[in-house]
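**Student:** This is the structure, below, for whatever I ask next.
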Amino acid sequence: MQLSSSAEELEPLVGQRDDEVANAIRVTVLAGGIGILGSAATELIVFTLDKIDADPTAFSETETVYCQCLLWIGWCLASSTYMLVIDRFGRKAPCYTLALIAIIAGIASTRATQVWFYGVAMFVVGYTLPPSGQIGFLLVQETVVERLRPACQIAWLMCYSLGLIIMAVLCWTVTASMNWRLETALWYLPMLVIVLMGIVFASESPAYTTRDKGSAATAEAAQGEGWSELRILLGEGLWRTTALTCVCWTGVCASYYGLSYSSENLSSNVYLNIILFSAVDIVSWGLTGPTLLWAGNKDSQVYGFLGSAVSLFLAAMMPTGSALEVGCALAARLCLNLAWSTVYLLIWRCFPPHCRSAAIGVSNGVARLFTSAAPLCALVPTGLSYSVLAALCGAAMVATWLLDLPPGACEAPPLARAEEGHAKAKAVS
């Protein structure tokens, strides 16, 4: 009788956990899928640049590269403009509206015959698509139960890297002889399908429903007093957290892309180069899960930056082009990916719902501003570039260590919390 009673009590809990997992998968696909498929906008140019240059109705390689720079400029401007106030409009509507605008602009770019039109289209894509993916990720983190958030983060990142591998393989084989205009348009179609499905089936973040009245009231009160989200972030309670978060994001972004520019000696084949780096990324994402369970978000980020700083410092001391240098560079990439997986999670822990998008906007804007110098790493000796990147990772490690989680945010890693829960249950019984 006692066993039967226990089984009956566990049945609703098992059903609830199944529902939570199903919801996590659904929202990760519908909202997180925008960021995954949106990689086509920034990565496809690597494979189509020669095709565009060879097209007599298109533009030169230099003109195309300048237009691609406008995409990154658009991203920076978005981070310093509407991302500061987008929290007022929830998560779902901004996410899918911006994604639709980006898709329209991306497909329009395939009809461009004049460089100014192509440049404007790329600017609009940069101004809308990356922020849409970031807001979608916030929607995932705020909708999924806390115990599944790290798993969703890892799954999202692994799918992103897997998508890059698939893109490289298809561009290397299937679409190698395809016209760049048709090829670009085809890569936007899967994202259009995800966006349309999300508009119909995705739900708004619980932070903007009646279940989180406290946060909504706080946001309304702040706006009613004439505060802006930027003023909240720079206010007495959050200015230090905002500044430290900017250092963390700058460290991971500048080091990640700087390492990519510095490590071209891995392969002269652009397709194989993307495949190798993405394969390393997937391995590192797989190692992230156990690390998060063991150390928690904050400590994992500290370890990630520490490992990157040490690996980059060692790479700077190795002969250029040697196997040891390549090995150290790959080790730094592994550790940087651990930091990538936690910067978003710490945004969720350190900032209230009504200014999380603004926090991402400020942090990402500052990071992209410094990352705009990352291409210079390809022009200087690797010893110098690796030394600078190692210093950035060291600064980001210190900034992470100095971060204070707000009252009520649990800092203990999941395994420690689980063991504590088992101990309390055992003591009660």
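Every chain in the structure tokens has a letter given in the order shown (A, B, ...), and although residue numbers restart at 1 in each chain, ligands are simply numbered from 1 in the order shown.
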Which neighbours of A:Leu71 fall inside 8 Å, counting only C-alpha atoms, when residues of the same chain fewer than 6 positions from it are skipped, and could you give them as a list in words?
**Tutor:**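 Residues meeting the cut-off are Met122, Phe123, Val124, Val125, Gly126 and Tyr127 of chain A.
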**Student:** Once you count only C-alpha atoms, what closest atom pair and distance in Å to one decimal does each residue of stretch 62-162 of chain A within 12 Å of stretch 340-359 of chain A have, with rows by chain and rising residue number, as JSON lines?
**Tutor:**
{"residue": "A:Ala78", "atom": "CA", "partner": "A:Ala358", "partner_atom": "CA", "distance": 10.6}
{"residue": "A:Ser79", "atom": "CA", "partner": "A:Ala358", "partner_atom": "CA", "distance": 7.9}
{"residue": "A:Ser80", "atom": "CA", "partner": "A:Ala358", "partner_atom": "CA", "distance": 8.7}
{"residue": "A:Thr81", "atom": "CA", "partner": "A:Ala358", "partner_atom": "CA", "distance": 9.3}
{"residue": "A:Tyr82", "atom": "CA", "partner": "A:Ala358", "partner_atom": "CA", "distance": 8.5}
{"residue": "A:Met83", "atom": "CA", "partner": "A:Ala358", "partner_atom": "CA", "distance": 5.4}
{"residue": "A:Leu84", "atom": "CA", "partner": "A:Ala358", "partner_atom": "CA", "distance": 4.1}
{"residue": "A:Val85", "atom": "CA", "partner": "A:Ala358", "partner_atom": "CA", "distance": 6.5}
{"residue": "A:Ile86", "atom": "CA", "partner": "A:Ser357", "partner_atom": "CA", "distance": 6.7}
{"residue": "A:Asp87", "atom": "CA", "partner": "A:His354", "partner_atom": "CA", "distance": 5.5}
{"residue": "A:Arg88", "atom": "CA", "partner": "A:His354", "partner_atom": "CA", "distance": 7.0}
{"residue": "A:Phe89", "atom": "CA", "partner": "A:His354", "partner_atom": "CA", "distance": 9.6}
{"residue": "A:Gly90", "atom": "CA", "partner": "A:His354", "partner_atom": "CA", "distance": 8.6}
{"residue": "A:Arg91", "atom": "CA", "partner": "A:Ser357", "partner_atom": "CA", "distance": 8.9}
{"residue": "A:Pro94", "atom": "CA", "partner": "A:Ser357", "partner_atom": "CA", "distance": 10.8}
{"residue": "A:Cys95", "atom": "CA", "partner": "A:Ser357", "partner_atom": "CA", "distance": 11.0}
{"residue": "A:Pro131", "atom": "CA", "partner": "A:Ser357", "partner_atom": "CA", "distance": 8.9}
{"residue": "A:Ser132", "atom": "CA", "partner": "A:Ser357", "partner_atom": "CA", "distance": 10.4}
{"residue": "A:Gly133", "atom": "CA", "partner": "A:Ser357", "partner_atom": "CA", "distance": 11.3}
{"residue": "A:Gln134", "atom": "CA", "partner": "A:Ser357", "partner_atom": "CA", "distance": 8.0}
{"residue": "A:Ile135", "atom": "CA", "partner": "A:Ser357", "partner_atom": "CA", "distance": 6.6}
{"residue": "A:Gly136", "atom": "CA", "partner": "A:Ser357", "partner_atom": "CA", "distance": 10.2}
{"residue": "A:Phe137", "atom": "CA", "partner": "A:Tyr344", "partner_atom": "CA", "distance": 8.4}
{"residue": "A:Leu138", "atom": "CA", "partner": "A:Ser357", "partner_atom": "CA", "distance": 7.7}
{"residue": "A:Leu139", "atom": "CA", "partner": "A:Ser357", "partner_atom": "CA", "distance": 10.2}
{"residue": "A:Val140", "atom": "CA", "partner": "A:Trp348", "partner_atom": "CA", "distance": 10.8}
{"residue": "A:Gln141", "atom": "CA", "partner": "A:Trp348", "partner_atom": "CA", "distance": 7.4}
{"residue": "A:Glu142", "atom": "CA", "partner": "A:Trp348", "partner_atom": "CA", "distance": 7.9}
{"residue": "A:Thr143", "atom": "CA", "partner": "A:Trp348", "partner_atom": "CA", "distance": 11.6}
{"residue": "A:Val144", "atom": "CA", "partner": "A:Trp348", "partner_atom": "CA", "distance": 11.9}
{"residue": "A:Glu146", "atom": "CA", "partner": "A:Leu345", "partner_atom": "CA", "distance": 10.3}
{"residue": "A:Leu148", "atom": "CA", "partner": "A:Leu345", "partner_atom": "CA", "distance": 11.7}
{"residue": "A:Arg149", "atom": "CA", "partner": "A:Leu345", "partner_atom": "CA", "distance": 8.1}
{"residue": "A:Pro150", "atom": "CA", "partner": "A:Leu345", "partner_atom": "CA", "distance": 7.7}
{"residue": "A:Ala151", "atom": "CA", "partner": "A:Ser341", "partner_atom": "CA", "distance": 10.3}
{"residue": "A:Cys152", "atom": "CA", "partner": "A:Ser341", "partner_atom": "CA", "distance": 10.3}
{"residue": "A:Gln153", "atom": "CA", "partner": "A:Ser341", "partner_atom": "CA", "distance": 6.6}
{"residue": "A:Ile154", "atom": "CA", "partner": "A:Ser341", "partner_atom": "CA", "distance": 6.9}
{"residue": "A:Ala155", "atom": "CA", "partner": "A:Ser341", "partner_atom": "CA", "distance": 10.3}
{"residue": "A:Trp156", "atom": "CA", "partner": "A:Ser341", "partner_atom": "CA", "distance": 9.5}
{"residue": "A:Leu157", "atom": "CA", "partner": "A:Ser341", "partner_atom": "CA", "distance": 7.6}
{"residue": "A:Met158", "atom": "CA", "partner": "A:Ser341", "partner_atom": "CA", "distance": 10.3}
**Student:** Any chance you can output those residues with C-alpha atoms as a short mmCIF file (atom, residue, chain, number, x, y, z; two decimals), in the first residue's frame?
**Tutor:**
data_model
loop_
_atom_site.label_atom_id
_atom_site.label_comp_id
_atom_site.auth_asym_id
_atom_site.auth_seq_id
_atom_site.Cartn_x
_atom_site.Cartn_y
_atom_site.Cartn_z
CA ALA A 78 20.89 48.36 -32.61
CA SER A 79 22.62 47.54 -29.33
CA SER A 80 22.91 51.23 -28.47
CA THR A 81 19.44 52.33 -29.62
CA TYR A 82 16.23 50.29 -29.52
CA MET A 83 17.72 47.38 -27.54
CA LEU A 84 17.81 49.79 -24.59
CA VAL A 85 14.00 50.12 -24.57
CA ILE A 86 12.85 46.88 -26.21
CA ASP A 87 12.15 45.32 -22.79
CA ARG A 88 8.97 47.41 -22.62
CA PHE A 89 7.42 45.38 -25.44
CA GLY A 90 7.92 41.87 -24.14
CA ARG A 91 9.90 39.14 -25.89
CA PRO A 94 10.02 42.10 -30.93
CA CYS A 95 11.73 38.77 -31.61
CA PRO A 131 19.13 41.41 -31.80
CA SER A 132 16.18 39.18 -32.77
CA GLY A 133 18.27 36.10 -31.99
CA GLN A 134 19.36 37.55 -28.64
CA ILE A 135 15.79 38.43 -27.64
CA GLY A 136 14.73 34.93 -28.70
CA PHE A 137 17.36 33.48 -26.42
CA LEU A 138 16.03 35.55 -23.52
CA LEU A 139 12.58 34.17 -24.31
CA VAL A 140 14.02 30.66 -24.02
CA GLN A 141 15.77 31.36 -20.71
CA GLU A 142 12.74 33.03 -19.14
CA THR A 143 10.29 30.34 -20.30
CA VAL A 144 12.25 27.19 -19.47
CA GLU A 146 15.75 26.74 -14.15
CA LEU A 148 16.79 22.90 -17.87
CA ARG A 149 18.29 26.29 -18.77
CA PRO A 150 21.92 25.11 -19.01
CA ALA A 151 20.82 22.15 -21.17
CA CYS A 152 18.91 24.47 -23.52
CA GLN A 153 21.92 26.78 -23.72
CA ILE A 154 24.25 23.90 -24.62
CA ALA A 155 21.78 22.43 -27.14
CA TRP A 156 21.40 25.87 -28.75
CA LEU A 157 25.16 26.34 -29.08
CA MET A 158 25.76 22.82 -30.39
#
**Student:** Write out as a short mmCIF file (atom, residue, chain, number, x, y, z; two decimals) with N, CA and C atoms, in the first residue's frame each polymer residue whose atoms come within 10 Å of A:Arg111, counting only C-alpha atoms; drop sequence neighbours fewer than 5 positions from it.
**Tutor:**
data_model
loop_
_atom_site.label_atom_id
_atom_site.label_comp_id
_atom_site.auth_asym_id
_atom_site.auth_seq_id
_atom_site.Cartn_x
_atom_site.Cartn_y
_atom_site.Cartn_z
N ALA A 58 27.09 42.12 -60.24
CA ALA A 58 27.20 42.36 -58.79
C ALA A 58 28.30 43.36 -58.50
N GLY A 106 17.22 40.51 -46.20
CA GLY A 106 18.19 39.55 -46.72
C GLY A 106 17.84 39.05 -48.10
N PHE A 117 22.44 49.75 -52.72
CA PHE A 117 21.25 48.97 -52.32
C PHE A 117 21.67 47.75 -51.50
N TYR A 118 22.72 47.08 -51.92
CA TYR A 118 23.22 45.92 -51.18
C TYR A 118 23.70 46.34 -49.79
N ARG A 181 22.96 34.55 -55.82
CA ARG A 181 21.67 35.15 -55.49
C ARG A 181 20.67 34.09 -55.06
N LEU A 182 20.58 33.02 -55.81
CA LEU A 182 19.66 31.93 -55.46
C LEU A 182 20.11 31.24 -54.19
N ALA A 185 19.20 33.38 -51.11
CA ALA A 185 17.76 33.37 -50.85
C ALA A 185 17.32 32.06 -50.23
#
**Student:** Identify, with DSSP run on backbone atoms, the residues in stretch 22-186 of chain A assigned to alpha helix (DSSP H), and express the list as a PyMOL selection string.
**Tutor:** chain A and resi 22-27+33-37+39-54+61-80+92-109+115-143+149-172+180-186
**Student:** Compile the contact shell of stretch 316-319 of chain A as a list in words: residues with an atom at most 7 Å away, counting only C-alpha atoms, same-chain residues fewer than 3 positions apart removed.
**Tutor:**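 The residues satisfying every condition are Leu312, Phe313, Ser322, Leu324, Glu325, Thr382, Gly383, Leu384, Tyr386 and Ser387 of chain A.
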**Student:** Nearest to A:Ser260: which of A:Asp50, A:Thr371, A:Cys248, A:Leu170 is it, counting only C-alpha atoms?
**Tutor:** A:Thr371
**Student:** Work out how far atom CA of A:Val145 is from atom CA of A:Glu20, in Å to one decimal.
**Tutor:** 7.0 Å
**Student:** Could you name the residues that touch A:Lys298 at 10 Å or less, counting only C-alpha atoms, but leaving out those on the same chain fewer than 4 positions away, as an MDAnalysis selection string?
**Tutor:** chainID A and resid 292 302:304 339 342:343 345:346 349 400:405 411:413
**Student:** Which neighbours of A:Met197 fall inside 7 Å, counting only C-alpha atoms, when residues of the same chain fewer than 4 positions from it are skipped, and could you give them as a list of chain:residue names?
**Tutor:**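 Surrounding residues, per the criterion: A:Leu30, A:Val193, A:Phe201.
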**Student:** Just the selected residues (N, CA and C atoms), exported as a JSON list (two decimals), in the first residue's frame, please.
**Tutor:**
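To be explicit, this is the file written out as part.json:
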[["chain", "number", "residue", "atom", "x", "y", "z"],
["A", 30, "LEU", "N", 11.58, 27.11, -31.53],
["A", 30, "LEU", "CA", 10.83, 28.23, -32.10],
["A", 30, "LEU", "C", 11.51, 29.58, -31.88],
["A", 193, "VAL", "N", 10.42, 29.78, -42.15],
["A", 193, "VAL", "CA", 9.51, 28.74, -41.64],
["A", 193, "VAL", "C", 9.47, 28.78, -40.11],
["A", 201, "PHE", "N", 2.79, 29.48, -32.67],
["A", 201, "PHE", "CA", 2.83, 28.52, -31.57],
["A", 201, "PHE", "C", 3.63, 28.98, -30.35]]
**Student:** Show which residues sit within 12 Å of A:Ala121, as a ChimeraX atom specification. Count only C-alpha atoms, and ignore same-chain residues fewer than 4 positions away.
**Tutor:** /A:41,64,67-71,74,101-117,125-129
**Student:** What would the file look like if the residues just selected were written as a short mmCIF file (atom, residue, chain, number, x, y, z; two decimals), in the first residue's frame with N, CA, C and O atoms?
**Tutor:**
data_model
loop_
_atom_site.label_atom_id
_atom_site.label_comp_id
_atom_site.auth_asym_id
_atom_site.auth_seq_id
_atom_site.Cartn_x
_atom_site.Cartn_y
_atom_site.Cartn_z
N ALA A 41 23.28 34.68 -42.32
CA ALA A 41 23.47 36.08 -42.72
C ALA A 41 24.90 36.54 -42.54
O ALA A 41 25.41 37.35 -43.33
N THR A 64 31.95 44.38 -51.57
CA THR A 64 31.14 43.43 -50.81
C THR A 64 31.59 43.39 -49.35
O THR A 64 30.76 43.35 -48.43
N CYS A 67 30.33 46.40 -47.53
CA CYS A 67 28.90 46.26 -47.25
C CYS A 67 28.66 45.32 -46.08
O CYS A 67 27.74 45.53 -45.28
N GLN A 68 29.48 44.27 -45.97
CA GLN A 68 29.36 43.36 -44.84
C GLN A 68 29.73 44.07 -43.54
O GLN A 68 29.18 43.77 -42.48
N CYS A 69 30.65 45.03 -43.62
CA CYS A 69 30.99 45.81 -42.43
C CYS A 69 29.77 46.60 -41.94
O CYS A 69 29.59 46.81 -40.74
N LEU A 70 28.92 47.02 -42.89
CA LEU A 70 27.70 47.73 -42.51
C LEU A 70 26.77 46.84 -41.69
O LEU A 70 26.02 47.33 -40.85
N LEU A 71 26.81 45.54 -41.93
CA LEU A 71 26.01 44.61 -41.12
C LEU A 71 26.43 44.69 -39.66
O LEU A 71 25.59 44.78 -38.75
N GLY A 74 25.41 47.99 -38.14
CA GLY A 74 23.99 47.94 -37.80
C GLY A 74 23.75 47.25 -36.48
O GLY A 74 22.91 47.68 -35.67
N ILE A 101 11.63 41.35 -40.59
CA ILE A 101 12.27 42.47 -41.29
C ILE A 101 13.62 42.03 -41.84
O ILE A 101 13.98 42.35 -42.99
N ALA A 102 14.38 41.28 -41.05
CA ALA A 102 15.70 40.82 -41.49
C ALA A 102 15.59 39.88 -42.69
O ALA A 102 16.39 39.96 -43.63
N ILE A 103 14.60 38.99 -42.66
CA ILE A 103 14.43 38.06 -43.78
C ILE A 103 14.09 38.82 -45.06
O ILE A 103 14.63 38.53 -46.14
N ILE A 104 13.20 39.80 -44.95
CA ILE A 104 12.83 40.60 -46.12
C ILE A 104 14.05 41.33 -46.67
O ILE A 104 14.31 41.35 -47.89
N ALA A 105 14.85 41.93 -45.77
CA ALA A 105 16.05 42.64 -46.21
C ALA A 105 17.08 41.69 -46.81
O ALA A 105 17.74 42.02 -47.81
N GLY A 106 17.22 40.51 -46.20
CA GLY A 106 18.19 39.55 -46.72
C GLY A 106 17.84 39.05 -48.10
O GLY A 106 18.71 38.94 -48.99
N ILE A 107 16.57 38.74 -48.32
CA ILE A 107 16.14 38.30 -49.65
C ILE A 107 16.23 39.45 -50.65
O ILE A 107 16.60 39.26 -51.82
N ALA A 108 15.93 40.67 -50.20
CA ALA A 108 16.03 41.83 -51.09
C ALA A 108 17.47 42.04 -51.54
O ALA A 108 17.72 42.51 -52.66
N SER A 109 18.45 41.69 -50.67
CA SER A 109 19.86 41.88 -51.04
C SER A 109 20.24 41.04 -52.25
O SER A 109 21.18 41.38 -52.97
N THR A 110 19.52 39.94 -52.48
CA THR A 110 19.85 39.08 -53.62
C THR A 110 19.40 39.69 -54.94
O THR A 110 19.77 39.19 -56.01
N ARG A 111 18.61 40.75 -54.89
CA ARG A 111 18.15 41.44 -56.10
C ARG A 111 18.99 42.68 -56.40
O ARG A 111 18.73 43.39 -57.38
N ALA A 112 19.97 42.94 -55.56
CA ALA A 112 20.75 44.17 -55.70
C ALA A 112 21.67 44.11 -56.91
O ALA A 112 22.35 43.10 -57.14
N THR A 113 21.70 45.17 -57.66
CA THR A 113 22.64 45.33 -58.76
C THR A 113 23.52 46.56 -58.54
O THR A 113 24.48 46.76 -59.28
N GLN A 114 23.17 47.37 -57.54
CA GLN A 114 23.96 48.54 -57.20
C GLN A 114 24.47 48.38 -55.77
O GLN A 114 23.75 47.90 -54.89
N VAL A 115 25.69 48.82 -55.54
CA VAL A 115 26.33 48.56 -54.26
C VAL A 115 25.62 49.26 -53.12
O VAL A 115 25.57 48.74 -52.00
N TRP A 116 25.04 50.44 -53.36
CA TRP A 116 24.38 51.15 -52.27
C TRP A 116 23.16 50.39 -51.78
O TRP A 116 22.88 50.36 -50.58
N PHE A 117 22.44 49.75 -52.72
CA PHE A 117 21.25 48.97 -52.32
C PHE A 117 21.67 47.75 -51.50
O PHE A 117 21.04 47.43 -50.48
N VAL A 125 19.80 44.11 -42.17
CA VAL A 125 19.94 42.76 -41.62
C VAL A 125 20.69 42.81 -40.29
O VAL A 125 20.28 42.19 -39.29
N GLY A 126 21.79 43.55 -40.24
CA GLY A 126 22.55 43.65 -38.99
C GLY A 126 21.80 44.38 -37.90
O GLY A 126 21.97 44.08 -36.71
N TYR A 127 20.95 45.31 -38.29
CA TYR A 127 20.20 46.11 -37.32
C TYR A 127 19.04 45.33 -36.70
O TYR A 127 18.54 45.70 -35.64
N THR A 128 18.63 44.24 -37.35
CA THR A 128 17.45 43.51 -36.88
C THR A 128 17.70 42.05 -36.51
O THR A 128 17.19 41.56 -35.50
N LEU A 129 18.49 41.33 -37.32
CA LEU A 129 18.59 39.88 -37.12
C LEU A 129 19.35 39.47 -35.86
O LEU A 129 18.83 38.67 -35.06
#
**Student:** Could you tell me how far atom CA of A:Ala99 sits from atom CA of A:Phe370, in Å to one decimal place?
**Tutor:**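 Straight-line distance from atom CA of A:Phe370 to atom CA of A:Ala99 works out to 25.5 Å.
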**Student:** Between atom CA of A:Val398 and atom CA of A:Ser278, what distance in Å does the model show, to one decimal?
**Tutor:**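 Computed distance, atom CA of A:Val398 to atom CA of A:Ser278, equals 27.8 Å.
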**Student:** Using only C-alpha atoms for the distances, tell me which of A:Ala254, A:Ala396, A:Leu287, A:Leu259 is nearest to A:Val326.
**Tutor:** A:Leu259
